[in-house]
$ cat work_39.txt   # compact mmCIF, C-alpha atoms and all ligand atoms
# COMPACT_ATOMS: atom_id res chain seq x y z
CA ASN A 1310 48.09 257.43 143.56
CA GLU A 1311 47.13 258.39 147.08
CA ILE A 1312 45.41 261.37 148.65
CA LYS A 1313 45.11 262.50 152.27
CA ILE A 1314 41.97 264.46 153.02
CA PHE A 1315 40.27 266.30 155.88
CA SER A 1316 36.57 265.51 155.98
CA PRO A 1317 34.75 268.14 158.04
CA ALA A 1318 32.10 267.96 160.73
CA THR A 1319 28.82 269.68 159.90
CA VAL A 1320 25.73 271.01 161.65
CA ALA A 1321 22.44 269.93 160.06
CA ASN A 1322 18.89 271.01 161.00
CA VAL A 1323 19.89 274.64 161.46
CA ALA A 1324 16.96 275.63 163.71
CA CYS A 1325 13.95 276.08 161.39
CA GLY A 1326 15.76 274.27 158.53
CA PHE A 1327 15.12 270.67 159.57
CA ASP A 1328 16.45 268.23 156.95
CA VAL A 1329 17.39 271.04 154.54
CA LEU A 1330 19.76 273.64 156.01
CA GLY A 1331 23.29 272.83 157.19
CA PHE A 1332 26.70 274.40 157.66
CA CYS A 1333 30.30 273.22 157.68
CA LEU A 1334 32.81 273.59 160.54
CA ASP A 1335 36.37 274.48 159.66
CA ASN A 1336 38.32 272.93 162.53
CA VAL A 1337 36.60 269.67 163.48
CA GLY A 1338 36.67 266.59 161.27
CA ASP A 1339 38.15 263.25 160.28
CA ASN A 1340 41.26 262.46 158.30
CA MET A 1341 41.21 259.86 155.57
CA VAL A 1342 43.64 258.38 153.07
CA ILE A 1343 42.34 257.08 149.75
CA ARG A 1344 44.67 255.04 147.55
CA LYS A 1345 44.40 253.54 144.08
CA THR A 1346 45.24 249.82 144.02
CA GLU A 1347 45.85 247.21 141.34
CA LYS A 1348 43.39 244.95 143.09
CA LYS A 1349 39.85 245.68 141.94
CA GLY A 1350 37.09 246.65 144.35
CA ILE A 1351 36.94 248.75 147.51
CA SER A 1352 38.66 247.72 150.72
CA ILE A 1353 38.97 249.41 154.08
CA THR A 1354 42.46 248.79 155.37
CA ASN A 1355 42.70 250.84 158.57
CA ILE A 1356 40.30 252.49 161.01
CA GLU A 1357 41.49 254.42 164.04
CA GLY A 1358 39.63 256.45 166.63
CA PHE A 1359 36.39 254.48 166.90
CA ASP A 1360 35.35 250.89 166.52
CA LEU A 1361 33.69 250.74 163.09
CA PRO A 1362 33.21 247.80 160.68
CA TYR A 1363 35.91 246.92 158.14
CA GLU A 1364 33.43 245.12 155.84
CA THR A 1365 32.94 247.48 152.90
CA GLU A 1366 29.17 246.90 152.70
CA LEU A 1367 28.73 247.62 156.42
CA ASN A 1368 30.88 250.75 156.55
CA VAL A 1369 29.40 254.13 155.61
CA ALA A 1370 32.55 255.20 153.72
CA GLY A 1371 32.61 251.82 152.00
CA VAL A 1372 28.98 251.96 150.88
CA SER A 1373 29.32 255.42 149.32
CA ALA A 1374 32.59 254.33 147.67
CA LEU A 1375 30.84 251.25 146.23
CA ALA A 1376 28.02 253.45 144.88
CA MET A 1377 30.60 255.42 142.89
CA TYR A 1378 32.68 252.37 141.97
CA GLU A 1379 29.67 250.62 140.44
CA VAL A 1380 29.30 253.33 137.80
CA LEU A 1381 33.04 253.46 137.05
CA ASP A 1382 34.28 251.01 134.47
CA VAL A 1383 37.86 250.62 135.69
CA ASP A 1384 40.39 247.82 136.08
CA PHE A 1385 41.77 249.04 139.40
CA GLY A 1386 40.39 249.48 142.90
CA PHE A 1387 40.68 251.69 145.97
CA GLU A 1388 41.79 251.34 149.57
CA ILE A 1389 40.43 253.54 152.32
CA GLU A 1390 42.02 254.44 155.66
CA ILE A 1391 39.86 256.27 158.21
CA TYR A 1392 41.24 258.31 161.12
CA LYS A 1393 38.06 259.21 162.91
CA ASN A 1394 37.83 262.17 165.27
CA ILE A 1395 34.08 262.79 165.05
CA LYS A 1396 32.36 260.48 167.47
CA PRO A 1397 29.54 258.46 165.87
CA GLY A 1398 26.17 259.56 167.23
CA SER A 1399 27.43 262.98 168.33
CA GLY A 1400 25.17 265.03 166.03
CA ILE A 1401 27.86 266.78 164.02
CA GLY A 1402 27.77 264.65 160.91
CA SER A 1403 30.07 261.77 161.78
CA SER A 1404 28.56 259.42 159.20
CA ALA A 1405 28.41 262.21 156.61
CA ALA A 1406 32.14 262.91 157.02
CA SER A 1407 32.90 259.24 156.34
CA ALA A 1408 30.44 259.06 153.45
CA VAL A 1409 31.80 262.11 151.62
CA GLY A 1410 35.48 261.49 152.37
CA SER A 1411 35.76 258.29 150.36
CA VAL A 1412 33.96 259.59 147.25
CA PHE A 1413 35.70 262.98 147.33
CA GLY A 1414 39.11 261.29 147.54
CA MET A 1415 38.34 258.77 144.78
CA ASN A 1416 37.07 261.53 142.49
CA GLU A 1417 40.29 263.52 142.99
CA LEU A 1418 42.44 260.47 142.18
CA ILE A 1419 40.69 259.82 138.87
CA GLY A 1420 40.66 263.38 137.53
CA ARG A 1421 37.32 264.63 138.87
CA PRO A 1422 34.82 263.08 136.48
CA PHE A 1423 31.96 263.84 138.88
CA ASN A 1424 30.65 267.21 140.05
CA THR A 1425 29.90 267.98 143.70
CA THR A 1426 26.19 267.22 143.41
CA GLN A 1427 26.99 263.82 141.89
CA LEU A 1428 29.40 263.12 144.76
CA THR A 1429 26.57 263.96 147.16
CA GLU A 1430 24.35 261.41 145.36
CA PHE A 1431 26.91 258.65 146.01
CA ALA A 1432 27.42 259.78 149.60
CA ILE A 1433 23.65 259.62 150.27
CA LYS A 1434 23.91 255.82 149.92
CA GLY A 1435 26.48 255.69 152.73
CA GLU A 1436 24.55 258.12 154.93
CA ALA A 1437 21.42 255.99 154.51
CA LEU A 1438 23.23 253.00 156.02
CA ALA A 1439 23.75 254.97 159.25
CA SER A 1440 20.51 256.91 159.56
CA LYS A 1441 18.11 254.56 157.74
CA CYS A 1442 16.90 257.35 155.51
CA GLU A 1443 18.27 259.29 152.55
CA HIS A 1444 19.00 262.81 153.73
CA ALA A 1445 21.71 265.15 152.50
CA ASP A 1446 21.72 268.04 154.97
CA ASN A 1447 25.09 267.02 156.48
CA LEU A 1448 26.59 265.73 153.22
CA ALA A 1449 25.96 268.91 151.25
CA PRO A 1450 27.80 271.32 153.59
CA ALA A 1451 30.65 268.79 154.01
CA LEU A 1452 31.17 268.73 150.23
CA PHE A 1453 30.28 272.31 149.23
CA GLY A 1454 31.42 274.11 152.43
CA GLY A 1455 29.67 277.05 154.12
CA PHE A 1456 25.87 277.00 154.38
CA THR A 1457 23.86 274.82 152.05
CA LEU A 1458 20.16 274.23 151.48
CA VAL A 1459 18.98 270.91 150.10
CA LYS A 1460 16.13 272.07 147.88
CA SER A 1461 15.16 268.49 147.01
CA VAL A 1462 16.64 265.01 147.41
CA SER A 1463 14.98 263.48 144.35
CA PRO A 1464 16.10 264.95 142.04
CA LEU A 1465 19.00 266.15 144.16
CA LYS A 1466 19.32 269.93 144.09
CA ILE A 1467 21.62 271.80 146.45
CA LEU A 1468 21.88 275.58 146.88
CA GLU A 1469 24.98 277.27 148.29
CA ILE A 1470 24.05 280.08 150.68
CA PRO A 1471 26.59 282.80 151.55
CA THR A 1472 28.01 282.98 155.08
CA PRO A 1473 28.32 286.40 156.75
CA ASN A 1474 31.92 287.07 157.66
CA GLU A 1475 31.53 287.45 161.39
CA LEU A 1476 29.42 284.35 161.97
CA TYR A 1477 30.92 281.77 164.37
CA ALA A 1478 29.43 278.58 165.75
CA THR A 1479 29.82 277.21 169.27
CA ILE A 1480 28.99 273.51 169.62
CA ILE A 1481 28.76 271.56 172.85
CA HIS A 1482 28.61 267.78 172.82
CA PRO A 1483 27.45 266.01 175.97
CA GLN A 1484 28.92 262.51 176.01
CA ILE A 1485 25.80 260.52 175.29
CA GLU A 1486 24.91 258.89 171.99
CA ILE A 1487 21.69 259.53 170.08
CA LYS A 1488 21.00 257.45 166.98
CA THR A 1489 19.54 259.50 164.13
CA SER A 1490 17.16 256.64 163.30
CA GLU A 1491 15.77 256.75 166.86
CA ALA A 1492 15.57 260.55 166.93
CA ARG A 1493 13.56 260.41 163.69
CA ALA A 1494 11.22 257.76 165.04
CA ILE A 1495 9.92 260.08 167.81
CA LEU A 1496 8.85 262.82 165.37
CA PRO A 1497 5.21 263.33 164.39
CA SER A 1498 4.33 262.62 160.76
CA LYS A 1499 1.94 265.60 160.59
CA VAL A 1500 2.36 269.21 161.75
CA ALA A 1501 -0.19 271.95 162.40
CA LEU A 1502 -0.56 274.49 159.59
CA SER A 1503 0.13 277.39 161.99
CA ASP A 1504 3.46 275.77 163.04
CA ALA A 1505 4.37 275.13 159.40
CA ILE A 1506 3.68 278.77 158.48
CA ALA A 1507 5.94 280.05 161.26
CA GLN A 1508 8.66 277.57 160.26
CA TRP A 1509 8.76 278.40 156.55
CA ALA A 1510 8.64 282.11 157.33
CA ASN A 1511 11.71 281.62 159.50
CA VAL A 1512 13.56 279.55 156.87
CA GLY A 1513 12.92 282.22 154.26
CA SER A 1514 13.99 285.05 156.53
CA LEU A 1515 17.06 283.17 157.78
CA VAL A 1516 18.24 282.60 154.21
CA HIS A 1517 17.55 286.27 153.43
CA GLY A 1518 19.53 287.30 156.54
CA LEU A 1519 22.48 285.14 155.44
CA HIS A 1520 22.40 286.75 151.98
CA THR A 1521 22.23 290.30 153.31
CA ASN A 1522 24.53 289.99 156.38
CA ASP A 1523 21.57 290.98 158.53
CA TYR A 1524 22.51 289.60 161.95
CA ASN A 1525 19.27 290.87 163.55
CA LEU A 1526 17.18 289.04 161.01
CA ILE A 1527 19.28 285.90 161.49
CA LYS A 1528 18.65 286.19 165.23
CA GLU A 1529 14.90 286.63 164.76
CA SER A 1530 14.76 283.62 162.44
CA LEU A 1531 16.71 280.99 164.44
CA HIS A 1532 13.70 279.17 165.91
CA ASP A 1533 12.35 275.67 165.50
CA GLY A 1534 8.80 275.13 166.70
CA ILE A 1535 8.37 271.74 165.04
CA VAL A 1536 11.23 269.33 165.79
CA GLU A 1537 13.01 270.82 168.82
CA PRO A 1538 10.05 270.40 171.21
CA TYR A 1539 10.27 266.60 170.68
CA ARG A 1540 13.99 266.06 170.43
CA CYS A 1541 15.06 268.41 173.22
CA LYS A 1542 13.76 265.82 175.69
CA LEU A 1543 16.59 263.48 174.63
CA ILE A 1544 19.29 266.02 175.56
CA PRO A 1545 20.23 266.66 179.20
CA HIS A 1546 19.75 270.31 180.31
CA PHE A 1547 18.95 271.51 176.78
CA LYS A 1548 16.83 274.42 178.01
CA GLU A 1549 19.48 275.68 180.46
CA ILE A 1550 22.19 275.48 177.81
CA LYS A 1551 20.01 277.41 175.38
CA GLU A 1552 19.13 280.11 177.92
CA SER A 1553 22.72 280.47 179.11
CA ALA A 1554 23.92 281.01 175.52
CA LEU A 1555 21.17 283.50 174.64
CA ASN A 1556 21.87 285.41 177.88
CA VAL A 1557 25.46 286.13 176.82
CA GLY A 1558 24.56 287.21 173.30
CA ALA A 1559 24.15 284.13 171.04
CA LEU A 1560 22.03 284.91 167.99
CA GLY A 1561 20.25 281.58 168.34
CA VAL A 1562 20.61 278.04 169.65
CA GLY A 1563 19.39 274.71 168.32
CA ILE A 1564 19.94 270.98 168.27
CA SER A 1565 22.81 270.04 165.97
CA GLY A 1566 21.59 267.32 163.62
CA SER A 1567 19.71 264.76 165.66
CA GLY A 1568 21.66 265.66 168.80
CA PRO A 1569 22.93 265.41 171.44
CA SER A 1570 25.25 268.24 170.28
CA ILE A 1571 23.79 271.72 170.69
CA PHE A 1572 24.96 274.58 168.47
CA SER A 1573 24.73 278.33 168.73
CA LEU A 1574 25.37 280.88 166.02
CA ASN A 1575 27.11 284.04 167.17
CA LYS A 1576 28.25 287.34 165.77
CA GLY A 1577 32.01 287.59 166.37
CA LEU A 1578 34.60 285.31 167.95
CA GLU A 1579 34.41 287.10 171.29
CA THR A 1580 30.71 286.31 171.70
CA ALA A 1581 31.28 282.73 170.51
CA ASN A 1582 33.86 282.30 173.29
CA LYS A 1583 31.53 283.83 175.90
CA VAL A 1584 28.86 281.38 174.79
CA LYS A 1585 31.40 278.58 175.13
CA ASP A 1586 32.03 279.54 178.78
CA ALA A 1587 28.33 279.88 179.52
CA MET A 1588 27.45 276.53 177.96
CA GLN A 1589 30.24 274.62 179.65
CA ASN A 1590 29.33 276.09 183.05
CA VAL A 1591 25.93 274.43 182.79
CA TYR A 1592 27.42 270.98 182.30
CA LYS A 1593 30.30 271.52 184.77
CA ASN A 1594 27.73 272.05 187.50
CA THR A 1595 25.93 268.82 186.64
CA GLY A 1596 28.97 266.58 186.21
CA ILE A 1597 28.05 265.69 182.61
CA GLU A 1598 31.13 265.12 180.45
CA PHE A 1599 31.31 267.10 177.23
CA ASP A 1600 33.44 268.39 174.34
CA ILE A 1601 33.07 271.96 173.15
CA HIS A 1602 34.24 273.71 169.99
CA VAL A 1603 34.20 277.21 168.58
CA SER A 1604 34.47 277.23 164.80
CA LYS A 1605 34.25 279.52 161.86
CA ILE A 1606 31.81 278.38 159.18
CA ASN A 1607 33.76 277.57 156.07
N1 LIG A 1701 18.21 265.91 159.28
C1 LIG A 1701 18.74 264.74 159.91
C2 LIG A 1701 17.86 264.36 161.09
C3 LIG A 1701 20.12 265.03 160.34
O1 LIG A 1701 17.76 265.15 162.00
O2 LIG A 1701 17.26 263.31 161.12
C4 LIG A 1701 20.78 263.95 161.13
O3 LIG A 1701 22.12 264.27 161.34

$ encode --input "work_39.txt" --output "C-alpha cells"
Amino acid sequence: NEIKIFSPATVANVACGFDVLGFCLDNVGDNMVIRKTEKKGISITNIEGFDLPYETELNVAGVSALAMYEVLDVDFGFEIEIYKNIKPGSGIGSSAASAVGSVFGMNELIGRPFNTTQLTEFAIKGEALASKCEHADNLAPALFGGFTLVKSVSPLKILEIPTPNELYATIIHPQIEIKTSEARAILPSKVALSDAIAQWANVGSLVHGLHTNDYNLIKESLHDGIVEPYRCKLIPHFKEIKESALNVGALGVGISGSGPSIFSLNKGLETANKVKDAMQNVYKNTGIEFDIHVSKIN
C-alpha cells in the first residue's frame, strides 16, 4: 500500500534541442513515498529539503496527482511525502521530478493502468504550475529514462533515443535561481530562417549520432544558435565555463533546461571528470558557490 521511489533529475534543452530533447541523470534526484489511504483525495503529508507548499493545488506533485486522480473512479485516496534533493530553479528538472514522482508512484500502487505517455500527460499539468507553460522535455526523460525527444505536446508523442554507452554528463550548478517562466519571457518569438536551418540540421544530426554511436557527429551537432545567445547572459561566467570544458575534451556544452546549471556531454568517465575539474576551477576563482555532478545517462 506504499511505494518509495527515486525521481531523477534531467537535462532539458540539449543544445540544439530546445523544448524537445532531454536526458535523464542516474545519480541525482528526489525521493518520494506514495501511500494509498482510506481517506479520499490527495494530500501532501511531508516535505523535506526545500520549502514548498503543502496545499495540493499549489504543489507540482499534488497538481499532477490530482490530474490522474480526477480520471480514476476510486473510493480511496493517496498521501505523498517528498524528500527533495533537487533545488527548485536549478535547471535540472526539479519541478519535473516532483510532477512525475507522484503519478508514477500512484500508477504502480494501482496495478499500472496507465502507460508512460499517459503518465507524462498528467505530469504536464504539474509542470505547467511551475513553468507557466506545458512542456514535457524534462518529464519525458524522467519517466522513460535515457534520451527522449518530444515530437509533439498535443497530441503528446515521445520518442526514446538510444544512448551511446560511453556518454557521461558533467553538470555544474552555480547557486543562483532562474525561474523558467522568466527565462522564457526573454526569448524572441521569431527566429531567422538561416538560424532555424542550422538548428534543425543539428537536431537531426545529433539524433543520428546518438543512434549510430558517432561521437564526432555528436560533437559537431551540440550547438544552439537560437536560445543560448539570450539565456547565457543570465548565467555568471557561462562562456568561460564552456571554453574550459571544451578545452579539456568535452563533446559539447550547453545550458541545462532554463539554467543556471550548465551541462557538458563527454565521451568516457575520465574526460567527464577532467571537465568537472576545469568547470569548478572557473567558479573557484570567482568565489561563486556551486554544486557539480558527473553522471551516466540512464
Ligand atoms: N524547455 C524548457 C525551457 C525547460 O527552457 O523553458 C525548462 O526546464

$ atom_distance --input "work_39.txt" --atom1 "atom CA of A:Gly1414" --atom2 "atom CA of A:Gln1427"
13.6 Å

$ axis_aligned_box --input "work_39.txt" --around "ligand LIG 1701 (chain A)" --padding-each-side "8 Å" --output "lines of an AutoDock Vina configuration file"
center_x = 19.7
center_y = 264.6
center_z = 160.6
size_x = 20.9
size_y = 18.6
size_z = 18.7

$ atom_distance --input "work_39.txt" --atom1 "atom CA of A:Ile1535" --atom2 "atom CA of A:Ile1470"
22.8 Å

$ residues_near_ligand --input "work_39.txt" --ligand "ligand LIG 1701 (chain A)" --cutoff "8 Å" --atoms "only C-alpha atoms and all ligand atoms" --output "PyMOL selection string"
chain A and resi 1320-1322+1327-1329+1400-1402+1440+1444-1447+1489-1490+1492-1493+1565-1568

$ atom_distance --input "work_39.txt" --atom1 "atom CA of A:Ala1324" --atom2 "atom CA of A:Glu1491"
19.2 Å

$ closest_residue --input "work_39.txt" --among "A:Glu1311, A:Glu1598, A:Asp1384, A:Glu1469" --to "A:His1520" --atoms "all atoms listed in the file"
A:Glu1469

$ residues_around --input "work_39.txt" --residues "A:Leu1465" --least-positions-apart "6" --cutoff "8 Å" --atoms "only C-alpha atoms" --output "PyMOL selection string"
chain A and resi 1426+1430+1459

$ write_last_selection --input "work_39.txt" --atoms "C-alpha atoms" --output "compact mmCIF listing (two decimals), in the coordinates of the input"
# COMPACT_ATOMS: atom_id res chain seq x y z
CA THR A 1426 26.19 267.22 143.41
CA GLU A 1430 24.35 261.41 145.36
CA VAL A 1459 18.98 270.91 150.10

$ closest_atom_pairs --input "work_39.txt" --of "stretch 1463-1568 of chain A" --to "stretch 1333-1342 of chain A" --cutoff "12 Å" --atoms "only C-alpha atoms" --output "tab-separated table"
residue	atom	partner	partner_atom	distance
A:Glu1469	CA	A:Cys1333	CA	11.5
A:Ile1470	CA	A:Cys1333	CA	11.6
A:Pro1471	CA	A:Cys1333	CA	12.0
A:Thr1472	CA	A:Cys1333	CA	10.4
A:Leu1476	CA	A:Leu1334	CA	11.4
A:Tyr1477	CA	A:Leu1334	CA	9.2
A:Ala1478	CA	A:Leu1334	CA	8.0
A:Thr1479	CA	A:Leu1334	CA	9.9
A:Ile1480	CA	A:Leu1334	CA	9.9
A:Ser1565	CA	A:Cys1333	CA	11.6

$ write_last_selection --input "work_39.txt" --atoms "C-alpha atoms" --output "mmCIF file, keeping the file's coordinate frame"
data_model
loop_
_atom_site.group_PDB
_atom_site.id
_atom_site.type_symbol
_atom_site.label_atom_id
_atom_site.label_comp_id
_atom_site.auth_asym_id
_atom_site.auth_seq_id
_atom_site.Cartn_x
_atom_site.Cartn_y
_atom_site.Cartn_z
ATOM 1 C CA GLU A 1469 24.980 277.270 148.290
ATOM 2 C CA ILE A 1470 24.050 280.080 150.680
ATOM 3 C CA PRO A 1471 26.590 282.800 151.550
ATOM 4 C CA THR A 1472 28.010 282.980 155.080
ATOM 5 C CA LEU A 1476 29.420 284.350 161.970
ATOM 6 C CA TYR A 1477 30.920 281.770 164.370
ATOM 7 C CA ALA A 1478 29.430 278.580 165.750
ATOM 8 C CA THR A 1479 29.820 277.210 169.270
ATOM 9 C CA ILE A 1480 28.990 273.510 169.620
ATOM 10 C CA SER A 1565 22.810 270.040 165.970
#

$ residues_near_point --input "work_39.txt" --point "(36.0, 251.3, 160.8)" --cutoff "12 Å" --atoms "only C-alpha atoms" --output "PyMOL selection string"
chain A and resi 1341+1352-1371+1389-1394+1396-1397+1404+1407

$ residues_around --input "work_39.txt" --residues "A:Leu1375" --least-positions-apart "6" --cutoff "10 Å" --atoms "only C-alpha atoms" --output "PDB file with C-alpha atoms, in the frame of the given file"
ATOM      1  CA  GLY A1350      37.090 246.650 144.350  1.00  0.00           C
ATOM      2  CA  ILE A1351      36.940 248.750 147.510  1.00  0.00           C
ATOM      3  CA  SER A1352      38.660 247.720 150.720  1.00  0.00           C
ATOM      4  CA  THR A1365      32.940 247.480 152.900  1.00  0.00           C
ATOM      5  CA  GLU A1366      29.170 246.900 152.700  1.00  0.00           C
ATOM      6  CA  VAL A1369      29.400 254.130 155.610  1.00  0.00           C
ATOM      7  CA  LEU A1381      33.040 253.460 137.050  1.00  0.00           C
ATOM      8  CA  PHE A1387      40.680 251.690 145.970  1.00  0.00           C
ATOM      9  CA  SER A1411      35.760 258.290 150.360  1.00  0.00           C
ATOM     10  CA  VAL A1412      33.960 259.590 147.250  1.00  0.00           C
ATOM     11  CA  PHE A1431      26.910 258.650 146.010  1.00  0.00           C
ATOM     12  CA  ALA A1432      27.420 259.780 149.600  1.00  0.00           C
ATOM     13  CA  LYS A1434      23.910 255.820 149.920  1.00  0.00           C
ATOM     14  CA  GLY A1435      26.480 255.690 152.730  1.00  0.00           C
TER      15      GLY A1435
END

$ closest_residue --input "work_39.txt" --among "A:Arg1421, A:Val1500, A:Glu1529, A:Ile1395" --to "A:Ser1514" --atoms "all atoms listed in the file"
A:Glu1529

$ closest_residue --input "work_39.txt" --among "A:Ala1405, A:Ile1343, A:Thr1429, A:Ala1507" --to "A:Ala1376" --atoms "only C-alpha atoms"
A:Thr1429

$ closest_residue --input "work_39.txt" --among "A:Ile1550, A:Leu1574, A:Ile1312, A:Ala1510" --to "A:Phe1413" --atoms "all atoms listed in the file"
A:Ile1312

$ residues_around --input "work_39.txt" --residues "A:Leu1519" --least-positions-apart "4" --cutoff "12 Å" --atoms "all atoms listed in the file" --output "list in words"
Leu1330, Phe1332, Gly1455, Phe1456, Thr1457, Leu1458, Glu1469, Ile1470, Pro1471, Thr1472, Pro1473, Asn1474, Glu1475, Leu1476, Val1512, Gly1513, Ser1514, Leu1515, Asp1523, Tyr1524, Asn1525, Leu1526, Ile1527, Lys1528, Ser1530, Leu1531 and Leu1574 of chain A

$ residues_around --input "work_39.txt" --residues "A:Ser1553" --least-positions-apart "6" --cutoff "8 Å" --atoms "only C-alpha atoms" --output "list in words"
Val1584, Ala1587, Met1588 and Val1591 of chain A

$ closest_residue --input "work_39.txt" --among "A:Lys1441, A:Arg1540, A:His1482, A:Lys1345" --to "A:Asp1600" --atoms "all atoms listed in the file"
A:His1482

$ residues_near_point --input "work_39.txt" --point "(14.6, 267.9, 173.8)" --cutoff "12 Å" --atoms "only C-alpha atoms" --output "mmCIF file with C-alpha atoms, keeping the file's coordinate frame"
data_model
loop_
_atom_site.group_PDB
_atom_site.id
_atom_site.type_symbol
_atom_site.label_atom_id
_atom_site.label_comp_id
_atom_site.auth_asym_id
_atom_site.auth_seq_id
_atom_site.Cartn_x
_atom_site.Cartn_y
_atom_site.Cartn_z
ATOM 1 C CA ILE A 1487 21.690 259.530 170.080
ATOM 2 C CA ALA A 1492 15.570 260.550 166.930
ATOM 3 C CA ILE A 1495 9.920 260.080 167.810
ATOM 4 C CA LEU A 1496 8.850 262.820 165.370
ATOM 5 C CA ASP A 1533 12.350 275.670 165.500
ATOM 6 C CA GLY A 1534 8.800 275.130 166.700
ATOM 7 C CA ILE A 1535 8.370 271.740 165.040
ATOM 8 C CA VAL A 1536 11.230 269.330 165.790
ATOM 9 C CA GLU A 1537 13.010 270.820 168.820
ATOM 10 C CA PRO A 1538 10.050 270.400 171.210
ATOM 11 C CA TYR A 1539 10.270 266.600 170.680
ATOM 12 C CA ARG A 1540 13.990 266.060 170.430
ATOM 13 C CA CYS A 1541 15.060 268.410 173.220
ATOM 14 C CA LYS A 1542 13.760 265.820 175.690
ATOM 15 C CA LEU A 1543 16.590 263.480 174.630
ATOM 16 C CA ILE A 1544 19.290 266.020 175.560
ATOM 17 C CA PRO A 1545 20.230 266.660 179.200
ATOM 18 C CA HIS A 1546 19.750 270.310 180.310
ATOM 19 C CA PHE A 1547 18.950 271.510 176.780
ATOM 20 C CA LYS A 1548 16.830 274.420 178.010
ATOM 21 C CA GLU A 1549 19.480 275.680 180.460
ATOM 22 C CA ILE A 1550 22.190 275.480 177.810
ATOM 23 C CA LYS A 1551 20.010 277.410 175.380
ATOM 24 C CA GLY A 1563 19.390 274.710 168.320
ATOM 25 C CA ILE A 1564 19.940 270.980 168.270
ATOM 26 C CA SER A 1565 22.810 270.040 165.970
ATOM 27 C CA SER A 1567 19.710 264.760 165.660
ATOM 28 C CA GLY A 1568 21.660 265.660 168.800
ATOM 29 C CA PRO A 1569 22.930 265.410 171.440
ATOM 30 C CA SER A 1570 25.250 268.240 170.280
ATOM 31 C CA ILE A 1571 23.790 271.720 170.690
#
